[in-house]
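A short write-up of the structure that comes next.
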Amino acid sequence: MIERILRGIAGIVVVVSLGLAQFHSPKWLILTTVMGLNLFQSAFTNWCPMMSILRAMGIKETSR
């Protein structure tokens, strides 16, 4: 469950930042870049700050 929520949050942040870059200011692309870099580093470290936040909120990980 937590993985699906994490992917949803990442997708929403990317789409919203792209929309804001298109209609407000290109500086919003910095947020897209930060999200991409965070996803990239989490592929190697298996750690993401949002996972810690979601766990602290009490969202459980699913067992496969």
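Here, A, B, ... name the chains of the structure tokens in the order displayed, residue numbers run from 1 inside each chain, and ligands are numbered from 1 in the same displayed order.
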Subject >> Residues of chain A in helix (DSSP H, G or I), written as a PyMOL selection string >> reply: chain A and resi 2-23+26-45+49-56
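Closest approach to Met50 of chain A among A:Met1, A:Asn38, A:Ser17, A:Thr33 is made by A:Asn38 (distances from only C-alpha atoms).
Omitting Leu54 of chain A and its sequence neighbours fewer than 3 positions away, and counting only C-alpha atoms, the residues within 10 Å are Ile2, Glu3, Ile5, Leu6, Pro49, Met50, Met51, Met57, Gly58, Ile59, Lys60 and Glu61 of chain A.
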**OP:** List the neighbours of Val16 of chain A out to 12 Å using only C-alpha atoms; skip same-chain residues closer than 5 positions along the sequence, and give me the result as a PyMOL selection string.
**Re:** chain A and resi 9-11+21-24+28-29+31-32+35
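Atom to atom, atom CA of Gly8 of chain A and atom CA of Gln41 of chain A stand 18.0 Å apart.
Put simply, atom CA of Val34 of chain A is 22.4 Å away from atom CA of Ala56 of chain A.
Atom pair atom CA of Leu39 of chain A / atom CA of Lys27 of chain A: separated by 19.7 Å.
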